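Trainee: I'm passing along query_21.pdb; it holds PDB, C-alpha atoms.
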```
ATOM      1  CA  MET M 237     126.123  89.310 116.023  1.00  0.00           C
ATOM      2  CA  GLY M 238     125.470  92.351 118.203  1.00  0.00           C
ATOM      3  CA  GLU M 239     122.163  93.375 119.704  1.00  0.00           C
ATOM      4  CA  GLY M 240     119.544  94.946 117.452  1.00  0.00           C
ATOM      5  CA  ILE M 241     116.339  96.770 118.313  1.00  0.00           C
ATOM      6  CA  LEU M 242     114.142  93.798 117.386  1.00  0.00           C
ATOM      7  CA  LYS M 243     116.401  91.122 118.865  1.00  0.00           C
ATOM      8  CA  LYS M 244     114.167  90.411 121.841  1.00  0.00           C
ATOM      9  CA  ILE M 245     110.720  90.567 120.228  1.00  0.00           C
ATOM     10  CA  GLN M 246     108.651  88.273 118.049  1.00  0.00           C
ATOM     11  CA  ILE M 247     110.063  86.944 114.805  1.00  0.00           C
ATOM     12  CA  GLY M 248     106.788  87.994 113.155  1.00  0.00           C
ATOM     13  CA  ILE M 249     107.535  91.687 113.637  1.00  0.00           C
ATOM     14  CA  GLU M 250     111.094  91.263 112.395  1.00  0.00           C
ATOM     15  CA  LYS M 251     109.777  89.548 109.262  1.00  0.00           C
ATOM     16  CA  GLN M 252     107.309  92.375 108.653  1.00  0.00           C
ATOM     17  CA  VAL M 253     110.059  94.973 109.028  1.00  0.00           C
ATOM     18  CA  ASP M 254     112.174  93.070 106.489  1.00  0.00           C
ATOM     19  CA  GLU M 255     109.228  92.940 104.091  1.00  0.00           C
ATOM     20  CA  PHE M 256     108.607  96.662 104.521  1.00  0.00           C
ATOM     21  CA  LEU M 257     112.249  97.470 103.768  1.00  0.00           C
ATOM     22  CA  ASP M 258     112.043  95.154 100.747  1.00  0.00           C
ATOM     23  CA  ARG M 259     109.243  97.369  99.407  1.00  0.00           C
ATOM     24  CA  VAL M 260     111.389 100.497  99.827  1.00  0.00           C
ATOM     25  CA  SER M 261     114.245  98.838  97.953  1.00  0.00           C
ATOM     26  CA  GLU M 262     111.944  97.567  95.202  1.00  0.00           C
ATOM     27  CA  ALA M 263     110.435 101.030  94.712  1.00  0.00           C
ATOM     28  CA  GLY M 264     113.862 102.368  93.787  1.00  0.00           C
ATOM     29  CA  LEU M 265     114.332  99.671  91.150  1.00  0.00           C
ATOM     30  CA  GLN M 266     110.836 100.230  89.778  1.00  0.00           C
ATOM     31  CA  CYS M 267     111.489 103.962  89.608  1.00  0.00           C
ATOM     32  CA  LYS M 268     114.649 103.305  87.578  1.00  0.00           C
ATOM     33  CA  ASN M 269     112.698 101.061  85.226  1.00  0.00           C
ATOM     34  CA  GLY M 270     110.037 103.723  84.862  1.00  0.00           C
ATOM     35  CA  LEU M 271     112.507 106.474  84.028  1.00  0.00           C
ATOM     36  CA  ASP M 272     114.314 104.253  81.538  1.00  0.00           C
ATOM     37  CA  ALA M 273     111.032 103.392  79.809  1.00  0.00           C
ATOM     38  CA  TYR M 274     110.040 107.062  79.708  1.00  0.00           C
ATOM     39  CA  LEU M 275     113.338 108.124  78.156  1.00  0.00           C
ATOM     40  CA  LYS M 276     112.985 105.368  75.551  1.00  0.00           C
ATOM     41  CA  GLU M 277     109.428 106.590  74.869  1.00  0.00           C
ATOM     42  CA  ASN M 278     108.108 103.131  75.697  1.00  0.00           C
ATOM     43  CA  MET M 279     104.902 104.327  77.310  1.00  0.00           C
ATOM     44  CA  GLU M 280     103.475 100.838  77.702  1.00  0.00           C
ATOM     45  CA  ALA M 281     106.449  99.791  79.841  1.00  0.00           C
ATOM     46  CA  PHE M 282     106.288 103.129  81.640  1.00  0.00           C
ATOM     47  CA  GLY M 283     102.635 102.525  82.491  1.00  0.00           C
ATOM     48  CA  MET M 284     103.489  99.083  83.841  1.00  0.00           C
ATOM     49  CA  SER M 285     106.232 100.591  86.013  1.00  0.00           C
ATOM     50  CA  LEU M 286     103.776 103.153  87.327  1.00  0.00           C
ATOM     51  CA  GLU M 287     101.266 100.464  88.274  1.00  0.00           C
ATOM     52  CA  SER M 288     103.997  98.358  89.883  1.00  0.00           C
ATOM     53  CA  ILE M 289     105.335 101.182  92.003  1.00  0.00           C
ATOM     54  CA  ARG M 290     101.813 102.201  93.062  1.00  0.00           C
ATOM     55  CA  GLU M 291     101.193  98.661  94.283  1.00  0.00           C
ATOM     56  CA  THR M 292     104.552  98.633  96.070  1.00  0.00           C
ATOM     57  CA  GLU M 293     103.671 101.911  97.786  1.00  0.00           C
ATOM     58  CA  HIS M 294     100.326 100.458  98.906  1.00  0.00           C
ATOM     59  CA  GLN M 295     101.995  97.333 100.282  1.00  0.00           C
ATOM     60  CA  GLY M 296     104.553  99.474 102.099  1.00  0.00           C
ATOM     61  CA  ASP M 297     101.820 101.581 103.701  1.00  0.00           C
ATOM     62  CA  VAL M 298      99.951  98.483 104.874  1.00  0.00           C
ATOM     63  CA  LEU M 299     103.100  96.916 106.326  1.00  0.00           C
ATOM     64  CA  ARG M 300     104.144 100.109 108.111  1.00  0.00           C
ATOM     65  CA  ARG M 301     100.712 100.522 109.721  1.00  0.00           C
ATOM     66  CA  THR M 302     100.642  96.857 110.745  1.00  0.00           C
ATOM     67  CA  ILE M 303     104.072  97.115 112.381  1.00  0.00           C
ATOM     68  CA  GLU M 304     103.129 100.306 114.215  1.00  0.00           C
ATOM     69  CA  GLN M 305      99.883  98.774 115.487  1.00  0.00           C
ATOM     70  CA  GLU M 306     101.715  95.679 116.705  1.00  0.00           C
ATOM     71  CA  LEU M 307     104.310  97.758 118.531  1.00  0.00           C
ATOM     72  CA  TYR M 308     101.594  99.688 120.356  1.00  0.00           C
ATOM     73  CA  ARG M 309      99.138  96.844 120.904  1.00  0.00           C
ATOM     74  CA  LYS M 310     101.757  94.574 122.463  1.00  0.00           C
ATOM     75  CA  THR M 311     103.659  97.449 124.120  1.00  0.00           C
ATOM     76  CA  LEU M 312     106.887  96.236 122.525  1.00  0.00           C
ATOM     77  CA  ILE M 313     110.274  98.002 122.925  1.00  0.00           C
ATOM     78  CA  PRO M 314     108.683 100.998 124.754  1.00  0.00           C
ATOM     79  CA  GLU M 315     112.081 102.657 125.272  1.00  0.00           C
ATOM     80  CA  SER M 316     112.783 102.669 121.523  1.00  0.00           C
ATOM     81  CA  ARG M 317     109.300 102.752 120.033  1.00  0.00           C
ATOM     82  CA  GLY M 318     109.327 106.466 119.206  1.00  0.00           C
ATOM     83  CA  ASP M 319     112.590 106.205 117.281  1.00  0.00           C
ATOM     84  CA  VAL M 320     111.428 103.080 115.473  1.00  0.00           C
ATOM     85  CA  MET M 321     108.154 104.732 114.435  1.00  0.00           C
ATOM     86  CA  GLU M 322     109.973 107.797 113.127  1.00  0.00           C
ATOM     87  CA  LEU M 323     112.437 105.636 111.221  1.00  0.00           C
ATOM     88  CA  LEU M 324     109.657 103.623 109.591  1.00  0.00           C
ATOM     89  CA  GLU M 325     107.859 106.818 108.605  1.00  0.00           C
ATOM     90  CA  ASP M 326     111.089 108.272 107.191  1.00  0.00           C
ATOM     91  CA  MET M 327     111.674 105.185 105.067  1.00  0.00           C
ATOM     92  CA  ASP M 328     108.050 105.216 103.933  1.00  0.00           C
ATOM     93  CA  ALA M 329     108.530 108.834 102.858  1.00  0.00           C
ATOM     94  CA  LEU M 330     111.476 107.773 100.676  1.00  0.00           C
ATOM     95  CA  LEU M 331     109.303 105.102  99.083  1.00  0.00           C
ATOM     96  CA  ASP M 332     106.672 107.777  98.437  1.00  0.00           C
ATOM     97  CA  ARG M 333     109.335 109.960  96.797  1.00  0.00           C
ATOM     98  CA  PHE M 334     110.029 107.280  94.200  1.00  0.00           C
ATOM     99  CA  THR M 335     106.325 106.880  93.500  1.00  0.00           C
ATOM    100  CA  GLY M 336     105.781 110.624  93.364  1.00  0.00           C
ATOM    101  CA  LEU M 337     108.603 111.071  90.870  1.00  0.00           C
ATOM    102  CA  ILE M 338     107.077 108.592  88.417  1.00  0.00           C
ATOM    103  CA  TRP M 339     103.683 110.227  88.870  1.00  0.00           C
ATOM    104  CA  GLN M 340     105.213 113.609  88.033  1.00  0.00           C
ATOM    105  CA  PHE M 341     106.607 112.206  84.798  1.00  0.00           C
ATOM    106  CA  GLU M 342     103.169 110.781  84.018  1.00  0.00           C
ATOM    107  CA  ILE M 343     101.365 114.062  84.710  1.00  0.00           C
ATOM    108  CA  GLU M 344     103.805 116.665  83.372  1.00  0.00           C
ATOM    109  CA  LYS M 345     105.469 114.648  80.600  1.00  0.00           C
ATOM    110  CA  PRO M 346     108.693 116.690  80.407  1.00  0.00           C
ATOM    111  CA  GLU M 347     110.466 116.848  77.051  1.00  0.00           C
ATOM    112  CA  ILE M 348     113.963 115.616  77.914  1.00  0.00           C
ATOM    113  CA  CYS M 349     116.569 116.143  75.197  1.00  0.00           C
ATOM    114  CA  SER M 350     118.429 112.954  74.286  1.00  0.00           C
ATOM    115  CA  GLU M 351     121.769 114.491  75.280  1.00  0.00           C
ATOM    116  CA  PHE M 352     120.525 114.657  78.894  1.00  0.00           C
ATOM    117  CA  HIS M 353     119.270 111.078  79.106  1.00  0.00           C
ATOM    118  CA  ASP M 354     122.449 109.512  80.476  1.00  0.00           C
ATOM    119  CA  ASP M 355     122.818 112.170  83.161  1.00  0.00           C
ATOM    120  CA  PHE M 356     119.207 111.703  84.267  1.00  0.00           C
ATOM    121  CA  ARG M 357     119.788 107.962  84.524  1.00  0.00           C
ATOM    122  CA  GLU M 358     123.014 108.470  86.460  1.00  0.00           C
ATOM    123  CA  LEU M 359     121.375 110.977  88.787  1.00  0.00           C
ATOM    124  CA  LEU M 360     118.554 108.598  89.647  1.00  0.00           C
ATOM    125  CA  GLN M 361     121.025 105.732  90.065  1.00  0.00           C
ATOM    126  CA  TYR M 362     122.859 107.660  92.781  1.00  0.00           C
ATOM    127  CA  SER M 363     119.607 108.529  94.546  1.00  0.00           C
ATOM    128  CA  VAL M 364     118.595 104.870  94.456  1.00  0.00           C
ATOM    129  CA  GLU M 365     122.007 103.868  95.846  1.00  0.00           C
ATOM    130  CA  ALA M 366     121.625 106.385  98.683  1.00  0.00           C
ATOM    131  CA  VAL M 367     118.234 104.961  99.629  1.00  0.00           C
ATOM    132  CA  GLU M 368     119.526 101.396  99.346  1.00  0.00           C
ATOM    133  CA  SER M 369     122.311 102.263 101.792  1.00  0.00           C
ATOM    134  CA  ASP M 370     119.603 103.571 104.124  1.00  0.00           C
ATOM    135  CA  VAL M 371     117.738 100.279 103.739  1.00  0.00           C
ATOM    136  CA  LEU M 372     120.840  98.263 104.643  1.00  0.00           C
ATOM    137  CA  SER M 373     121.533 100.572 107.590  1.00  0.00           C
ATOM    138  CA  CYS M 374     117.970 100.089 108.835  1.00  0.00           C
ATOM    139  CA  ARG M 375     118.211  96.318 108.584  1.00  0.00           C
ATOM    140  CA  ALA M 376     121.363  96.487 110.704  1.00  0.00           C
ATOM    141  CA  PHE M 377     119.675  98.841 113.188  1.00  0.00           C
ATOM    142  CA  PHE M 378     116.964  96.266 113.793  1.00  0.00           C
ATOM    143  CA  LYS M 379     119.297  93.249 113.920  1.00  0.00           C
ATOM    144  CA  ASP M 380     122.870  94.273 114.777  1.00  0.00           C
ATOM    145  CA  LEU M 381     123.593  97.854 115.836  1.00  0.00           C
ATOM    146  CA  HIS M 382     127.331  97.439 115.387  1.00  0.00           C
ATOM    147  CA  ALA M 383     126.815  96.702 111.681  1.00  0.00           C
ATOM    148  CA  VAL M 384     125.057 100.013 110.958  1.00  0.00           C
ATOM    149  CA  SER M 385     128.393 101.756 110.397  1.00  0.00           C
ATOM    150  CA  ASN M 386     129.141  99.348 107.532  1.00  0.00           C
ATOM    151  CA  HIS M 387     126.457 101.015 105.444  1.00  0.00           C
ATOM    152  CA  ILE M 388     125.421 104.385 106.790  1.00  0.00           C
ATOM    153  CA  HIS M 389     128.543 106.265 105.656  1.00  0.00           C
ATOM    154  CA  LYS M 390     127.775 105.309 102.053  1.00  0.00           C
ATOM    155  CA  VAL M 391     124.613 107.430 102.064  1.00  0.00           C
ATOM    156  CA  SER M 392     126.645 110.635 102.201  1.00  0.00           C
ATOM    157  CA  PHE M 393     128.938 109.351  99.462  1.00  0.00           C
ATOM    158  CA  TRP M 394     126.042 108.734  97.090  1.00  0.00           C
ATOM    159  CA  GLU M 395     124.428 112.046  98.013  1.00  0.00           C
ATOM    160  CA  LYS M 396     127.618 113.887  97.065  1.00  0.00           C
ATOM    161  CA  GLU M 397     127.791 112.000  93.762  1.00  0.00           C
ATOM    162  CA  SER M 398     124.187 112.962  93.138  1.00  0.00           C
ATOM    163  CA  ASP M 399     124.984 116.617  93.796  1.00  0.00           C
ATOM    164  CA  LYS M 400     127.830 116.516  91.269  1.00  0.00           C
ATOM    165  CA  VAL M 401     125.620 115.138  88.518  1.00  0.00           C
ATOM    166  CA  SER M 402     122.788 117.494  89.434  1.00  0.00           C
ATOM    167  CA  THR M 403     125.045 120.538  89.133  1.00  0.00           C
ATOM    168  CA  ARG M 404     126.570 119.316  85.879  1.00  0.00           C
ATOM    169  CA  LEU M 405     123.180 118.555  84.384  1.00  0.00           C
ATOM    170  CA  GLN M 406     121.648 121.885  85.365  1.00  0.00           C
ATOM    171  CA  LYS M 407     124.595 123.739  83.832  1.00  0.00           C
ATOM    172  CA  ALA M 408     124.204 121.756  80.620  1.00  0.00           C
ATOM    173  CA  ILE M 409     120.491 122.477  80.516  1.00  0.00           C
ATOM    174  CA  PHE M 410     120.893 126.224  80.906  1.00  0.00           C
ATOM    175  CA  ALA M 411     123.717 126.259  78.375  1.00  0.00           C
ATOM    176  CA  ARG M 412     121.136 125.267  75.779  1.00  0.00           C
ATOM    177  CA  GLU M 413     120.058 128.778  74.834  1.00  0.00           C
ATOM    178  CA  ASP M 414     118.072 127.398  71.912  1.00  0.00           C
ATOM    179  CA  LEU M 415     115.579 125.961  74.406  1.00  0.00           C
ATOM    180  CA  ARG M 416     112.790 128.127  75.777  1.00  0.00           C
ATOM    181  CA  LEU M 417     113.455 129.387  79.288  1.00  0.00           C
ATOM    182  CA  SER M 418     110.271 127.666  80.456  1.00  0.00           C
ATOM    183  CA  HIS M 419     111.570 124.393  78.989  1.00  0.00           C
ATOM    184  CA  ARG M 420     114.908 124.745  80.747  1.00  0.00           C
ATOM    185  CA  MET M 421     113.195 125.558  84.045  1.00  0.00           C
ATOM    186  CA  HIS M 422     110.928 122.545  83.649  1.00  0.00           C
ATOM    187  CA  LEU M 423     113.928 120.281  83.131  1.00  0.00           C
ATOM    188  CA  ARG M 424     115.687 121.818  86.124  1.00  0.00           C
ATOM    189  CA  PHE M 425     112.613 121.069  88.240  1.00  0.00           C
ATOM    190  CA  PHE M 426     112.887 117.377  87.392  1.00  0.00           C
ATOM    191  CA  VAL M 427     116.620 117.366  88.057  1.00  0.00           C
ATOM    192  CA  LYS M 428     115.945 118.765  91.514  1.00  0.00           C
ATOM    193  CA  GLN M 429     113.172 116.257  92.161  1.00  0.00           C
ATOM    194  CA  VAL M 430     115.513 113.354  91.449  1.00  0.00           C
ATOM    195  CA  ASP M 431     118.368 114.887  93.433  1.00  0.00           C
ATOM    196  CA  ARG M 432     116.035 115.560  96.344  1.00  0.00           C
ATOM    197  CA  ILE M 433     115.644 111.840  96.958  1.00  0.00           C
ATOM    198  CA  ALA M 434     119.361 111.532  97.748  1.00  0.00           C
ATOM    199  CA  ASP M 435     119.187 114.643  99.944  1.00  0.00           C
ATOM    200  CA  GLU M 436     116.334 113.173 101.963  1.00  0.00           C
ATOM    201  CA  ALA M 437     118.111 109.829 102.192  1.00  0.00           C
ATOM    202  CA  GLU M 438     121.043 111.637 103.806  1.00  0.00           C
ATOM    203  CA  ASP M 439     118.679 113.331 106.277  1.00  0.00           C
ATOM    204  CA  VAL M 440     117.287 109.920 107.225  1.00  0.00           C
ATOM    205  CA  ALA M 441     120.818 108.571 107.709  1.00  0.00           C
ATOM    206  CA  ASP M 442     121.678 111.490 109.997  1.00  0.00           C
ATOM    207  CA  ARG M 443     118.655 110.769 112.191  1.00  0.00           C
ATOM    208  CA  LEU M 444     119.376 107.041 112.181  1.00  0.00           C
ATOM    209  CA  ASN M 445     122.918 107.733 113.339  1.00  0.00           C
ATOM    210  CA  ILE M 446     121.505 109.585 116.347  1.00  0.00           C
ATOM    211  CA  TYR M 447     119.202 106.646 117.151  1.00  0.00           C
ATOM    212  CA  VAL M 448     122.215 104.317 117.084  1.00  0.00           C
ATOM    213  CA  ILE M 449     124.245 106.565 119.385  1.00  0.00           C
ATOM    214  CA  LYS M 450     121.344 106.652 121.865  1.00  0.00           C
ATOM    215  CA  ARG M 451     121.193 102.844 121.904  1.00  0.00           C
ATOM    216  CA  MET M 452     124.962 102.561 122.389  1.00  0.00           C
ATOM    217  CA  LEU M 453     125.100 104.846 125.440  1.00  0.00           C
TER     218      LEU M 453
END
```
Turn this file's structure into C-alpha cells for me.

Mentor:
Amino acid sequence: MGEGILKKIQIGIEKQVDEFLDRVSEAGLQCKNGLDAYLKENMEAFGMSLESIRETEHQGDVLRRTIEQELYRKTLIPESRGDVMELLEDMDALLDRFTGLIWQFEIEKPEICSEFHDDFRELLQYSVEAVESDVLSCRAFFKDLHAVSNHIHKVSFWEKESDKVSTRLQKAIFAREDLRLSHRMHLRFFVKQVDRIADEAEDVADRLNIYVIKRML
C-alpha cells in the first residue's frame, strides 16, 4: 500500500475520517429512499427518510468539526492541513446537498407526473454514484494516494450520465404543453437541483486531483 495523508498520524483520526465519509455515503442512500417514497406518495416513509438524513447531516457536522479541531490542536500534518480541511468541507457540502434536496421536496411538494418518475430516479442514482466515487477517492487519498486514480475518473463518467438524463428529462417536461408553464418550470428546477449534485461532485474531484498531484511532486 502506498503512502496516504493520514498514514503517519493517530488511528483515532483515521477512524473519524472513515466515519465521516460513511455519513456522506449514507446520505446519498437516504436521499434515494426519500425520493422513492415521495414518488410513491408514501409520506410516512418520506418523513422517516427526512429525519434519517437530518440526523446523518448532524453526525457529519460533528465529525468534521472534531477532525478539524484535532488536526489543529495536535498540529498534525501541517503541510497538508489546508487541503485536508478544504476536502472535508467539500464533502460535507455534498452531504448537505442531499439533505437540502429532501427538504426542498418537503417544503415545495412538486407535482411530478408519473411518466417522469423513472428519469428522476435515474438522475438521482447517477448523482449518488458520482458522490460515492468521491467518497472512495477520498478514502484512498487518506490511506493510499496511488489508489485515488482507481476511483476519481468515475466521477466525471457519472456526471456526464447525469447530464444526459437531465437534458432528456427537461426536454420531456417542456414537451408537455398541457402543463402550465409554472408547473414545467417548477419541475425543471428540481431536475437541476438533482443534477447539480453530480456537477458539484465533479468539482470536488477536480480539486482532489490537484491535492494528489501536490503530494506526488

Trainee: For each of M:Val440, M:Asn445, M:Ala411, M:Gln340, take the minimum atom-to-atom distance to Ser385 of chain M, counting only C-alpha atoms, then give the residue where this is smallest.

Mentor: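 Under the stated criterion, the closest residue is M:Asn445.
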
Trainee: Could you check the closest approach to Phe426 of chain M for each of M:Glu322, M:Glu306, M:Glu280, M:Asp355 and tell me which residue wins, using only C-alpha atoms?

Mentor: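 So, comparing all the options, the nearest one is M:Asp355.
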
Trainee: Which residues fall under the PyMOL selection byres ((chain M and resi 299) around 8) in this file, as a list in words?

Mentor: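 Listing what the PyMOL selection byres ((chain M and resi 299) around 8) selects in the shown file: Gln252, Val253, Glu255, Phe256, Gln295, Gly296, Asp297, Val298, Arg300, Arg301, Thr302 and Ile303 of chain M.
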
Trainee: Considering all atoms listed in the file, can you say which of M:Ser316, M:Arg420, M:His389, M:Leu337 comes closest to Leu405 of chain M?

Mentor: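 With all atoms listed in the file as the atom set, the closest residue is M:Arg420.
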
Trainee: Rank nothing, just name the residue among M:Ala263, M:Ser398, M:Ile446, M:Asp319 nearest to Phe334 of chain M, using all atoms listed in the file.

Mentor: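 Smallest distance to Phe334 of chain M is found for M:Ala263.
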
Trainee: Where does the PyMOL selection byres ((chain M and resi 335) around 10) land in this file, that is, which residues does it pick, as a list in words?

Mentor: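 This file gives the following for the PyMOL selection byres ((chain M and resi 335) around 10): Ala263, Gly264, Gln266, Cys267, Gly270, Ser285, Leu286, Glu287, Ser288, Ile289, Arg290, Glu291, Thr292, Glu293, Ala329, Leu330, Leu331, Asp332, Arg333, Phe334, Gly336, Leu337, Ile338, Trp339 and Gln340 of chain M.
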
Trainee: If we count all atoms listed in the file and set the cut-off at 12 Å, which residues sit around Phe425 of chain M, ignoring sequence neighbours fewer than 4 positions away in its own chain? Please answer as number ranges by chain.

Mentor: M: 337, 340-341, 344, 346, 348, 402, 405-406, 409, 418-421, 429-432

Trainee: Identify, on the basis of all atoms listed in the file, every residue whose closest approach to Lys390 of chain M does not exceed 10 Å; exclude the query and any residue fewer than 6 positions from it along the same chain; express the result as a PyMOL selection string.

Mentor: chain M and resi 365-370+373+396+438+441

Trainee: Report as a tab-separated table the residues of segment 264-358 of chain M within 12 Å of segment 377-382 of chain M, each with its shortest atom pair and distance in Å (one decimal), using all atoms listed in the file, ordered by chain and increasing residue number.

Mentor:
```
residue	atom	partner	partner_atom	distance
M:Ile313	CA	M:Phe378	CA	11.5
M:Ser316	CA	M:Phe378	CA	10.9
M:Arg317	CA	M:Phe378	CA	11.8
M:Asp319	CA	M:Phe377	CA	11.0
M:Val320	CA	M:Phe378	CA	8.9
M:Leu323	CA	M:Phe377	CA	10.1
M:Leu324	CA	M:Phe378	CA	11.2
```

Trainee: For a test of reading the model, state the distance in Å between atom CA of Gln361 of chain M and atom CA of Lys276 of chain M, rounded to one decimal.

Mentor: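 Separating atom CA of Gln361 of chain M from atom CA of Lys276 of chain M is a distance of 16.6 Å.
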
Trainee: Provide the atom CA of Leu444 of chain M to atom CA of Leu271 of chain M distance in Å, to one decimal place.

Mentor: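 It comes out at 29.0 Å.
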
Trainee: Looking at M:Gln305, M:Tyr274, M:Glu395, M:Ala437, which one is nearest to Met327 of chain M, with distances taken over only C-alpha atoms?

Mentor: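 For Met327 of chain M, the nearest of the candidates is M:Ala437.
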
Trainee: What is the atom CA of Asp258 of chain M to atom CA of Leu372 of chain M distance in Å?

Mentor: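 For atom CA of Asp258 of chain M relative to atom CA of Leu372 of chain M, the distance reads 10.1 Å.
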
Trainee: Using only C-alpha atoms, which of the listed residues (M:Asn269, M:Asn386, M:Ser350, M:Ser392) sits closest to Tyr362 of chain M?

Mentor: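 Nearest to Tyr362 of chain M: M:Ser392.
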